[in-house]
file work.txt (compact mmCIF, N, CA and C atoms)
# COMPACT_ATOMS: atom_id res chain seq x y z
N MET B 5 116.60 150.03 -44.00
CA MET B 5 115.96 148.79 -44.40
C MET B 5 115.15 148.25 -43.22
N THR B 6 113.97 147.77 -43.50
CA THR B 6 113.08 147.25 -42.47
C THR B 6 113.43 145.80 -42.16
N ARG B 7 113.53 145.48 -40.89
CA ARG B 7 113.83 144.12 -40.47
C ARG B 7 112.51 143.38 -40.20
N LEU B 8 112.49 142.11 -40.58
CA LEU B 8 111.32 141.27 -40.32
C LEU B 8 111.45 140.62 -38.95
N CYS B 9 110.33 140.45 -38.27
CA CYS B 9 110.35 139.76 -36.98
C CYS B 9 110.69 138.29 -37.23
N ALA B 10 111.10 137.60 -36.17
CA ALA B 10 111.53 136.20 -36.30
C ALA B 10 110.42 135.31 -36.86
N SER B 11 109.20 135.48 -36.38
CA SER B 11 108.10 134.65 -36.89
C SER B 11 107.77 134.99 -38.34
N CYS B 12 107.94 136.27 -38.71
CA CYS B 12 107.69 136.68 -40.10
C CYS B 12 108.73 136.04 -41.03
N ARG B 13 109.99 136.01 -40.58
CA ARG B 13 111.05 135.38 -41.38
C ARG B 13 110.76 133.90 -41.55
N TRP B 14 110.36 133.24 -40.46
CA TRP B 14 110.06 131.82 -40.52
C TRP B 14 108.91 131.56 -41.49
N THR B 15 107.89 132.38 -41.43
CA THR B 15 106.74 132.23 -42.33
C THR B 15 107.18 132.42 -43.77
N ARG B 16 108.01 133.41 -44.01
CA ARG B 16 108.48 133.68 -45.37
C ARG B 16 109.33 132.54 -45.89
N VAL B 17 110.24 132.04 -45.08
CA VAL B 17 111.11 130.94 -45.50
C VAL B 17 110.28 129.69 -45.79
N SER B 18 109.34 129.37 -44.92
CA SER B 18 108.54 128.17 -45.13
C SER B 18 107.62 128.30 -46.34
N SER B 19 107.06 129.48 -46.57
CA SER B 19 106.20 129.65 -47.75
C SER B 19 107.03 129.62 -49.03
N ASP B 20 108.21 130.22 -49.02
CA ASP B 20 109.09 130.17 -50.19
C ASP B 20 109.52 128.74 -50.49
N SER B 21 109.87 128.01 -49.45
CA SER B 21 110.29 126.62 -49.63
C SER B 21 109.16 125.75 -50.16
N THR B 22 107.97 125.98 -49.66
CA THR B 22 106.81 125.22 -50.13
C THR B 22 106.53 125.51 -51.60
N ALA B 23 106.58 126.77 -51.96
CA ALA B 23 106.35 127.14 -53.37
C ALA B 23 107.42 126.53 -54.26
N PHE B 24 108.66 126.55 -53.82
CA PHE B 24 109.75 125.97 -54.60
C PHE B 24 109.56 124.47 -54.77
N ALA B 25 109.07 123.82 -53.72
CA ALA B 25 108.88 122.37 -53.78
C ALA B 25 107.81 121.96 -54.79
N PHE B 26 106.85 122.83 -55.03
CA PHE B 26 105.77 122.49 -55.95
C PHE B 26 106.11 122.75 -57.42
N ILE B 27 107.23 123.42 -57.69
CA ILE B 27 107.58 123.78 -59.07
C ILE B 27 107.59 122.56 -59.98
N THR B 28 108.26 121.50 -59.55
CA THR B 28 108.41 120.33 -60.41
C THR B 28 107.08 119.64 -60.67
N SER B 29 106.29 119.48 -59.63
CA SER B 29 104.99 118.82 -59.81
C SER B 29 104.06 119.64 -60.69
N PHE B 30 104.03 120.95 -60.47
CA PHE B 30 103.19 121.80 -61.31
C PHE B 30 103.68 121.85 -62.75
N SER B 31 104.99 121.72 -62.94
CA SER B 31 105.53 121.67 -64.30
C SER B 31 105.01 120.46 -65.04
N ARG B 32 104.99 119.33 -64.36
CA ARG B 32 104.47 118.11 -64.97
C ARG B 32 103.01 118.30 -65.41
N ILE B 33 102.22 118.94 -64.57
CA ILE B 33 100.82 119.20 -64.90
C ILE B 33 100.74 120.13 -66.10
N ALA B 34 101.60 121.15 -66.14
CA ALA B 34 101.60 122.09 -67.26
C ALA B 34 102.00 121.39 -68.56
N TYR B 35 102.97 120.47 -68.50
CA TYR B 35 103.37 119.74 -69.72
C TYR B 35 102.23 118.89 -70.23
N ASP B 36 101.52 118.25 -69.30
CA ASP B 36 100.39 117.42 -69.70
C ASP B 36 99.27 118.25 -70.34
N SER B 37 99.27 119.56 -70.05
CA SER B 37 98.27 120.46 -70.63
C SER B 37 98.77 121.16 -71.89
N GLY B 38 100.00 120.84 -72.32
CA GLY B 38 100.50 121.37 -73.59
C GLY B 38 101.58 122.43 -73.49
N SER B 39 102.04 122.77 -72.31
CA SER B 39 103.09 123.78 -72.16
C SER B 39 104.47 123.18 -72.44
N THR B 40 105.48 124.03 -72.49
CA THR B 40 106.86 123.59 -72.70
C THR B 40 107.74 124.10 -71.56
N PRO B 41 108.89 123.45 -71.34
CA PRO B 41 109.79 123.92 -70.28
C PRO B 41 110.24 125.36 -70.49
N LEU B 42 110.53 125.74 -71.72
CA LEU B 42 110.97 127.10 -72.02
C LEU B 42 109.90 128.12 -71.65
N THR B 43 108.65 127.80 -71.93
CA THR B 43 107.55 128.70 -71.58
C THR B 43 107.42 128.86 -70.08
N ILE B 44 107.49 127.75 -69.36
CA ILE B 44 107.34 127.79 -67.91
C ILE B 44 108.45 128.62 -67.27
N VAL B 45 109.69 128.38 -67.66
CA VAL B 45 110.81 129.09 -67.05
C VAL B 45 110.79 130.57 -67.44
N THR B 46 110.42 130.88 -68.67
CA THR B 46 110.35 132.27 -69.09
C THR B 46 109.26 133.02 -68.32
N LEU B 47 108.10 132.41 -68.16
CA LEU B 47 107.03 133.05 -67.38
C LEU B 47 107.42 133.20 -65.92
N ARG B 48 108.07 132.20 -65.37
CA ARG B 48 108.50 132.26 -63.97
C ARG B 48 109.55 133.36 -63.77
N THR B 49 110.49 133.45 -64.69
CA THR B 49 111.52 134.49 -64.61
C THR B 49 110.91 135.87 -64.78
N GLY B 50 110.00 136.01 -65.73
CA GLY B 50 109.34 137.30 -65.93
C GLY B 50 108.53 137.72 -64.71
N ALA B 51 107.85 136.77 -64.09
CA ALA B 51 107.08 137.08 -62.88
C ALA B 51 108.01 137.54 -61.76
N PHE B 52 109.16 136.89 -61.62
CA PHE B 52 110.12 137.31 -60.60
C PHE B 52 110.60 138.73 -60.84
N VAL B 53 110.93 139.05 -62.08
CA VAL B 53 111.41 140.40 -62.40
C VAL B 53 110.34 141.44 -62.07
N LEU B 54 109.10 141.17 -62.43
CA LEU B 54 108.02 142.11 -62.14
C LEU B 54 107.80 142.30 -60.64
N VAL B 55 107.84 141.21 -59.89
CA VAL B 55 107.66 141.30 -58.44
C VAL B 55 108.83 142.06 -57.81
N ALA B 56 110.05 141.76 -58.24
CA ALA B 56 111.22 142.45 -57.70
C ALA B 56 111.16 143.95 -58.00
N LEU B 57 110.75 144.30 -59.21
CA LEU B 57 110.62 145.72 -59.55
C LEU B 57 109.52 146.39 -58.74
N ALA B 58 108.42 145.69 -58.52
CA ALA B 58 107.33 146.25 -57.71
C ALA B 58 107.80 146.50 -56.27
N ILE B 59 108.58 145.58 -55.73
CA ILE B 59 109.11 145.77 -54.37
C ILE B 59 110.05 146.97 -54.32
N LEU B 60 110.92 147.10 -55.32
CA LEU B 60 111.83 148.25 -55.37
C LEU B 60 111.05 149.56 -55.48
N LEU B 61 110.02 149.57 -56.30
CA LEU B 61 109.20 150.78 -56.44
C LEU B 61 108.44 151.09 -55.16
N ALA B 62 107.90 150.07 -54.50
CA ALA B 62 107.15 150.28 -53.27
C ALA B 62 108.05 150.82 -52.16
N ARG B 63 109.30 150.40 -52.15
CA ARG B 63 110.25 150.89 -51.16
C ARG B 63 110.95 152.17 -51.60
N ARG B 64 110.64 152.61 -52.79
CA ARG B 64 111.25 153.80 -53.38
C ARG B 64 112.78 153.69 -53.42
N GLN B 65 113.24 152.51 -53.82
CA GLN B 65 114.67 152.27 -53.96
C GLN B 65 115.03 152.18 -55.43
N ARG B 66 116.20 152.66 -55.73
CA ARG B 66 116.71 152.54 -57.09
C ARG B 66 117.63 151.34 -57.16
N LEU B 67 117.65 150.72 -58.30
CA LEU B 67 118.54 149.60 -58.53
C LEU B 67 119.86 150.16 -59.06
N ARG B 68 120.87 150.16 -58.23
CA ARG B 68 122.17 150.70 -58.63
C ARG B 68 123.18 149.57 -58.68
N LEU B 69 123.67 149.29 -59.84
CA LEU B 69 124.70 148.28 -60.01
C LEU B 69 125.85 148.87 -60.81
N SER B 70 127.06 148.49 -60.41
CA SER B 70 128.21 148.89 -61.22
C SER B 70 128.20 148.05 -62.49
N ARG B 71 129.05 148.39 -63.42
CA ARG B 71 129.13 147.62 -64.66
C ARG B 71 129.50 146.17 -64.35
N HIS B 72 130.46 146.01 -63.44
CA HIS B 72 130.90 144.69 -63.03
C HIS B 72 129.75 143.93 -62.36
N GLY B 73 129.02 144.59 -61.48
CA GLY B 73 127.88 143.97 -60.81
C GLY B 73 126.79 143.57 -61.79
N LEU B 74 126.55 144.42 -62.77
CA LEU B 74 125.54 144.12 -63.79
C LEU B 74 125.93 142.90 -64.61
N LEU B 75 127.19 142.84 -65.03
CA LEU B 75 127.65 141.69 -65.81
C LEU B 75 127.58 140.40 -64.99
N ASN B 76 127.97 140.47 -63.72
CA ASN B 76 127.87 139.29 -62.86
C ASN B 76 126.42 138.87 -62.67
N SER B 77 125.52 139.84 -62.50
CA SER B 77 124.10 139.53 -62.34
C SER B 77 123.52 138.89 -63.60
N LEU B 78 123.91 139.40 -64.75
CA LEU B 78 123.42 138.82 -66.01
C LEU B 78 123.95 137.40 -66.19
N TRP B 79 125.22 137.18 -65.87
CA TRP B 79 125.79 135.84 -65.98
C TRP B 79 125.07 134.87 -65.05
N LEU B 80 124.86 135.28 -63.80
CA LEU B 80 124.16 134.44 -62.84
C LEU B 80 122.72 134.15 -63.31
N SER B 81 122.07 135.17 -63.83
CA SER B 81 120.69 135.00 -64.31
C SER B 81 120.62 134.02 -65.48
N LEU B 82 121.53 134.14 -66.41
CA LEU B 82 121.53 133.25 -67.57
C LEU B 82 121.84 131.80 -67.18
N THR B 83 122.79 131.61 -66.27
CA THR B 83 123.09 130.24 -65.86
C THR B 83 121.93 129.64 -65.06
N ALA B 84 121.31 130.44 -64.19
CA ALA B 84 120.15 129.94 -63.43
C ALA B 84 119.00 129.61 -64.37
N TYR B 85 118.80 130.45 -65.39
CA TYR B 85 117.76 130.21 -66.39
C TYR B 85 118.02 128.89 -67.11
N GLY B 86 119.26 128.69 -67.54
CA GLY B 86 119.62 127.45 -68.24
C GLY B 86 119.45 126.22 -67.36
N MET B 87 119.86 126.33 -66.09
CA MET B 87 119.69 125.20 -65.17
C MET B 87 118.22 124.89 -64.95
N SER B 88 117.40 125.93 -64.84
CA SER B 88 115.97 125.72 -64.63
C SER B 88 115.33 125.05 -65.84
N VAL B 89 115.71 125.49 -67.03
CA VAL B 89 115.17 124.87 -68.25
C VAL B 89 115.58 123.40 -68.29
N GLY B 90 116.85 123.13 -67.97
CA GLY B 90 117.32 121.74 -67.98
C GLY B 90 116.60 120.87 -66.97
N TYR B 91 116.47 121.39 -65.75
CA TYR B 91 115.81 120.62 -64.69
C TYR B 91 114.34 120.38 -65.01
N LEU B 92 113.64 121.43 -65.41
CA LEU B 92 112.22 121.27 -65.68
C LEU B 92 111.97 120.50 -66.98
N SER B 93 112.94 120.49 -67.88
CA SER B 93 112.81 119.67 -69.09
C SER B 93 112.89 118.19 -68.75
N SER B 94 113.67 117.86 -67.72
CA SER B 94 113.82 116.45 -67.36
C SER B 94 112.48 115.84 -66.96
N VAL B 95 111.61 116.65 -66.38
CA VAL B 95 110.31 116.15 -65.93
C VAL B 95 109.44 115.73 -67.11
N ALA B 96 109.73 116.25 -68.28
CA ALA B 96 108.97 115.85 -69.46
C ALA B 96 109.34 114.43 -69.90
N PHE B 97 110.50 113.93 -69.43
CA PHE B 97 110.98 112.62 -69.88
C PHE B 97 111.08 111.57 -68.79
N ILE B 98 111.24 112.00 -67.54
CA ILE B 98 111.36 111.06 -66.43
C ILE B 98 110.37 111.44 -65.34
N PRO B 99 110.06 110.53 -64.43
CA PRO B 99 109.11 110.86 -63.36
C PRO B 99 109.63 112.00 -62.47
N VAL B 100 108.70 112.75 -61.91
CA VAL B 100 109.04 113.88 -61.04
C VAL B 100 109.91 113.42 -59.88
N SER B 101 109.56 112.30 -59.27
CA SER B 101 110.33 111.82 -58.11
C SER B 101 111.78 111.54 -58.47
N LEU B 102 112.04 111.00 -59.63
CA LEU B 102 113.41 110.72 -60.06
C LEU B 102 114.16 112.02 -60.35
N ALA B 103 113.50 112.98 -60.97
CA ALA B 103 114.14 114.27 -61.26
C ALA B 103 114.54 114.97 -59.96
N VAL B 104 113.66 114.95 -58.97
CA VAL B 104 113.96 115.57 -57.68
C VAL B 104 115.10 114.84 -56.99
N LEU B 105 115.07 113.53 -57.02
CA LEU B 105 116.12 112.73 -56.40
C LEU B 105 117.49 113.02 -57.02
N ILE B 106 117.54 113.11 -58.33
CA ILE B 106 118.80 113.41 -59.02
C ILE B 106 119.28 114.81 -58.68
N LEU B 107 118.38 115.78 -58.69
CA LEU B 107 118.77 117.17 -58.43
C LEU B 107 119.36 117.33 -57.03
N TYR B 108 118.70 116.76 -56.03
CA TYR B 108 119.13 117.01 -54.66
C TYR B 108 120.21 116.06 -54.15
N THR B 109 120.46 114.96 -54.83
CA THR B 109 121.55 114.08 -54.40
C THR B 109 122.82 114.29 -55.22
N SER B 110 122.76 115.04 -56.28
CA SER B 110 123.95 115.22 -57.12
C SER B 110 125.12 115.88 -56.38
N PRO B 111 124.92 116.87 -55.50
CA PRO B 111 126.08 117.40 -54.77
C PRO B 111 126.74 116.35 -53.87
N LEU B 112 125.93 115.52 -53.23
CA LEU B 112 126.47 114.46 -52.38
C LEU B 112 127.25 113.45 -53.22
N LEU B 113 126.68 113.06 -54.36
CA LEU B 113 127.35 112.10 -55.23
C LEU B 113 128.65 112.68 -55.80
N ALA B 114 128.65 113.96 -56.13
CA ALA B 114 129.88 114.59 -56.63
C ALA B 114 130.96 114.59 -55.56
N GLY B 115 130.57 114.88 -54.31
CA GLY B 115 131.53 114.85 -53.21
C GLY B 115 132.08 113.46 -52.97
N LEU B 116 131.20 112.46 -53.01
CA LEU B 116 131.65 111.08 -52.82
C LEU B 116 132.59 110.64 -53.94
N MET B 117 132.26 111.00 -55.17
CA MET B 117 133.12 110.63 -56.30
C MET B 117 134.49 111.28 -56.21
N SER B 118 134.54 112.55 -55.78
CA SER B 118 135.84 113.21 -55.66
C SER B 118 136.67 112.58 -54.55
N ALA B 119 136.02 112.08 -53.49
CA ALA B 119 136.75 111.39 -52.42
C ALA B 119 137.22 110.01 -52.88
N VAL B 120 136.36 109.28 -53.58
CA VAL B 120 136.71 107.94 -54.05
C VAL B 120 137.85 107.99 -55.06
N THR B 121 137.85 108.97 -55.94
CA THR B 121 138.89 109.07 -56.96
C THR B 121 140.16 109.71 -56.42
N GLY B 122 140.13 110.18 -55.17
CA GLY B 122 141.32 110.76 -54.57
C GLY B 122 141.57 112.21 -54.93
N ARG B 123 140.64 112.86 -55.55
CA ARG B 123 140.82 114.26 -55.94
C ARG B 123 140.68 115.22 -54.77
N GLU B 124 139.84 114.85 -53.81
CA GLU B 124 139.60 115.72 -52.67
C GLU B 124 139.25 114.89 -51.46
N ARG B 125 139.72 115.34 -50.30
CA ARG B 125 139.43 114.64 -49.05
C ARG B 125 138.04 115.04 -48.56
N LEU B 126 137.24 114.07 -48.18
CA LEU B 126 135.89 114.33 -47.70
C LEU B 126 135.94 114.54 -46.19
N THR B 127 135.70 115.77 -45.75
CA THR B 127 135.72 116.09 -44.33
C THR B 127 134.29 116.18 -43.81
N LEU B 128 134.17 116.27 -42.49
CA LEU B 128 132.85 116.38 -41.87
C LEU B 128 132.14 117.66 -42.34
N GLY B 129 132.89 118.77 -42.40
CA GLY B 129 132.31 120.04 -42.85
C GLY B 129 131.79 119.97 -44.27
N LYS B 130 132.53 119.34 -45.14
CA LYS B 130 132.10 119.20 -46.54
C LYS B 130 130.90 118.27 -46.64
N SER B 131 130.86 117.25 -45.79
CA SER B 131 129.73 116.31 -45.81
C SER B 131 128.45 117.00 -45.38
N VAL B 132 128.55 117.84 -44.37
CA VAL B 132 127.36 118.57 -43.87
C VAL B 132 126.90 119.60 -44.88
N ALA B 133 127.85 120.24 -45.54
CA ALA B 133 127.50 121.29 -46.51
C ALA B 133 126.80 120.66 -47.68

call {"tool": "encode", "arguments": {"input": "work.txt", "output": "structure tokens"}}
result
Amino acid sequence: MTRLCASCRWTRVSSDSTAFAFITSFSRIAYDSGSTPLTIVTLRTGAFVLVALAILLARRQRLRLSRHGLLNSLWLSLTAYGMSVGYLSSVAFIPVSLAVLILYTSPLLAGLMSAVTGRERLTLGKSVA
């Protein structure tokens, strides 16, 4: 496997993060043009599969998964697909800024609620995570 140089990794991480950050805003634009959340997520997922397959073919690697690995991958894919449809659907009904705020603060709020209700102790490590 080829290793990326440190600056190449940084460039890749920052470009991936930037692209991810624009998903919600571009979804809003697509809805205003007549698209639906299901269409956007399906096209995005299909594009990912095609790019991943192209990378595997370019590297001349085979995709080898055990039955257990395949089932876990399918389960993860379906749940991620459902979460994406739900998140991007919210933008059709509420402002983009509110949807982003809810998505990224929900883990913090869940941690605070579990500490307040006494279900789990909130430690420094959990707060940082």

call {"tool": "atom_distance", "arguments": {"input": "work.txt", "atom1": "atom CA of B:Thr22", "atom2": "atom CA of B:Val104"}}
result
14.2 Å

call {"tool": "select_by_dssp", "arguments": {"input": "work.txt", "residues": "chain B", "states": "helix (DSSP H, G or I)", "output": "PyMOL selection string"}}
result
chain B and resi 10-36+41-62+71-94+100-120+128-132

call {"tool": "closest_residue", "arguments": {"input": "work.txt", "among": "B:Ile33, B:Leu42, B:Leu112, B:Leu67", "to": "B:Val89", "atoms": "only C-alpha atoms"}}
result
B:Leu42

call {"tool": "atom_distance", "arguments": {"input": "work.txt", "atom1": "atom CA of B:Thr49", "atom2": "atom CA of B:Arg63"}}
result
21.2 Å

call {"tool": "closest_residue", "arguments": {"input": "work.txt", "among": "B:Ser29, B:Thr121, B:Cys9, B:Pro41", "to": "B:Gly90", "atoms": "only N, CA and C atoms"}}
result
B:Pro41

call {"tool": "closest_residue", "arguments": {"input": "work.txt", "among": "B:Val17, B:Gly129, B:Arg48, B:Ala34", "to": "B:Ala84", "atoms": "only C-alpha atoms"}}
result
B:Arg48

call {"tool": "atom_distance", "arguments": {"input": "work.txt", "atom1": "atom CA of B:Arg13", "atom2": "atom CA of B:Leu107"}}
result
26.1 Å

call {"tool": "build_atoms", "arguments": {"input": "work.txt", "residues": "stretch 47-58 of chain B", "atoms": "all heavy atoms", "output": "mmCIF file, in the coordinates of the input"}}
result
data_model
loop_
_atom_site.group_PDB
_atom_site.id
_atom_site.type_symbol
_atom_site.label_atom_id
_atom_site.label_comp_id
_atom_site.auth_asym_id
_atom_site.auth_seq_id
_atom_site.Cartn_x
_atom_site.Cartn_y
_atom_site.Cartn_z
ATOM 1 N N LEU B 47 108.100 132.410 -68.160
ATOM 2 C CA LEU B 47 107.030 133.050 -67.380
ATOM 3 C C LEU B 47 107.420 133.200 -65.920
ATOM 4 O O LEU B 47 107.162 134.236 -65.296
ATOM 5 C CB LEU B 47 105.735 132.245 -67.508
ATOM 6 C CG LEU B 47 105.055 132.308 -68.874
ATOM 7 C CD1 LEU B 47 103.870 131.348 -68.920
ATOM 8 C CD2 LEU B 47 104.614 133.723 -69.183
ATOM 9 N N ARG B 48 108.070 132.200 -65.370
ATOM 10 C CA ARG B 48 108.500 132.260 -63.970
ATOM 11 C C ARG B 48 109.550 133.360 -63.770
ATOM 12 O O ARG B 48 109.492 134.116 -62.802
ATOM 13 C CB ARG B 48 109.066 130.899 -63.561
ATOM 14 C CG ARG B 48 109.256 130.752 -62.090
ATOM 15 C CD ARG B 48 109.732 129.367 -61.768
ATOM 16 N NE ARG B 48 111.139 129.472 -61.458
ATOM 17 C CZ ARG B 48 111.975 128.471 -61.399
ATOM 18 N NH1 ARG B 48 111.588 127.271 -61.688
ATOM 19 N NH2 ARG B 48 113.215 128.649 -61.073
ATOM 20 N N THR B 49 110.490 133.450 -64.690
ATOM 21 C CA THR B 49 111.520 134.490 -64.610
ATOM 22 C C THR B 49 110.910 135.870 -64.780
ATOM 23 O O THR B 49 111.248 136.803 -64.041
ATOM 24 C CB THR B 49 112.602 134.240 -65.678
ATOM 25 O OG1 THR B 49 113.149 132.932 -65.490
ATOM 26 C CG2 THR B 49 113.709 135.268 -65.596
ATOM 27 N N GLY B 50 110.000 136.010 -65.730
ATOM 28 C CA GLY B 50 109.340 137.300 -65.930
ATOM 29 C C GLY B 50 108.530 137.720 -64.710
ATOM 30 O O GLY B 50 108.543 138.896 -64.331
ATOM 31 N N ALA B 51 107.850 136.770 -64.090
ATOM 32 C CA ALA B 51 107.080 137.080 -62.880
ATOM 33 C C ALA B 51 108.010 137.540 -61.760
ATOM 34 O O ALA B 51 107.704 138.506 -61.045
ATOM 35 C CB ALA B 51 106.281 135.867 -62.433
ATOM 36 N N PHE B 52 109.160 136.890 -61.620
ATOM 37 C CA PHE B 52 110.120 137.310 -60.600
ATOM 38 C C PHE B 52 110.600 138.730 -60.840
ATOM 39 O O PHE B 52 110.677 139.539 -59.905
ATOM 40 C CB PHE B 52 111.326 136.363 -60.560
ATOM 41 C CG PHE B 52 112.459 136.926 -59.755
ATOM 42 C CD1 PHE B 52 112.404 136.924 -58.370
ATOM 43 C CD2 PHE B 52 113.563 137.482 -60.373
ATOM 44 C CE1 PHE B 52 113.442 137.466 -57.622
ATOM 45 C CE2 PHE B 52 114.597 138.029 -59.641
ATOM 46 C CZ PHE B 52 114.539 138.020 -58.251
ATOM 47 N N VAL B 53 110.930 139.050 -62.080
ATOM 48 C CA VAL B 53 111.410 140.400 -62.400
ATOM 49 C C VAL B 53 110.340 141.440 -62.070
ATOM 50 O O VAL B 53 110.637 142.485 -61.478
ATOM 51 C CB VAL B 53 111.848 140.485 -63.885
ATOM 52 C CG1 VAL B 53 112.092 141.919 -64.315
ATOM 53 C CG2 VAL B 53 113.099 139.644 -64.112
ATOM 54 N N LEU B 54 109.100 141.170 -62.430
ATOM 55 C CA LEU B 54 108.020 142.110 -62.140
ATOM 56 C C LEU B 54 107.800 142.300 -60.640
ATOM 57 O O LEU B 54 107.612 143.426 -60.171
ATOM 58 C CB LEU B 54 106.727 141.655 -62.818
ATOM 59 C CG LEU B 54 106.721 141.725 -64.343
ATOM 60 C CD1 LEU B 54 105.420 141.132 -64.898
ATOM 61 C CD2 LEU B 54 106.916 143.151 -64.817
ATOM 62 N N VAL B 55 107.840 141.210 -59.890
ATOM 63 C CA VAL B 55 107.660 141.300 -58.440
ATOM 64 C C VAL B 55 108.830 142.060 -57.810
ATOM 65 O O VAL B 55 108.628 142.904 -56.933
ATOM 66 C CB VAL B 55 107.481 139.900 -57.808
ATOM 67 C CG1 VAL B 55 107.580 139.953 -56.292
ATOM 68 C CG2 VAL B 55 106.158 139.298 -58.241
ATOM 69 N N ALA B 56 110.050 141.760 -58.240
ATOM 70 C CA ALA B 56 111.220 142.450 -57.700
ATOM 71 C C ALA B 56 111.160 143.950 -58.000
ATOM 72 O O ALA B 56 111.458 144.781 -57.127
ATOM 73 C CB ALA B 56 112.502 141.843 -58.261
ATOM 74 N N LEU B 57 110.750 144.300 -59.210
ATOM 75 C CA LEU B 57 110.620 145.720 -59.550
ATOM 76 C C LEU B 57 109.520 146.390 -58.740
ATOM 77 O O LEU B 57 109.677 147.531 -58.299
ATOM 78 C CB LEU B 57 110.347 145.883 -61.053
ATOM 79 C CG LEU B 57 111.537 145.641 -61.973
ATOM 80 C CD1 LEU B 57 111.093 145.685 -63.429
ATOM 81 C CD2 LEU B 57 112.652 146.631 -61.710
ATOM 82 N N ALA B 58 108.420 145.690 -58.520
ATOM 83 C CA ALA B 58 107.330 146.250 -57.710
ATOM 84 C C ALA B 58 107.800 146.500 -56.270
ATOM 85 O O ALA B 58 107.460 147.527 -55.674
ATOM 86 C CB ALA B 58 106.130 145.301 -57.721
#
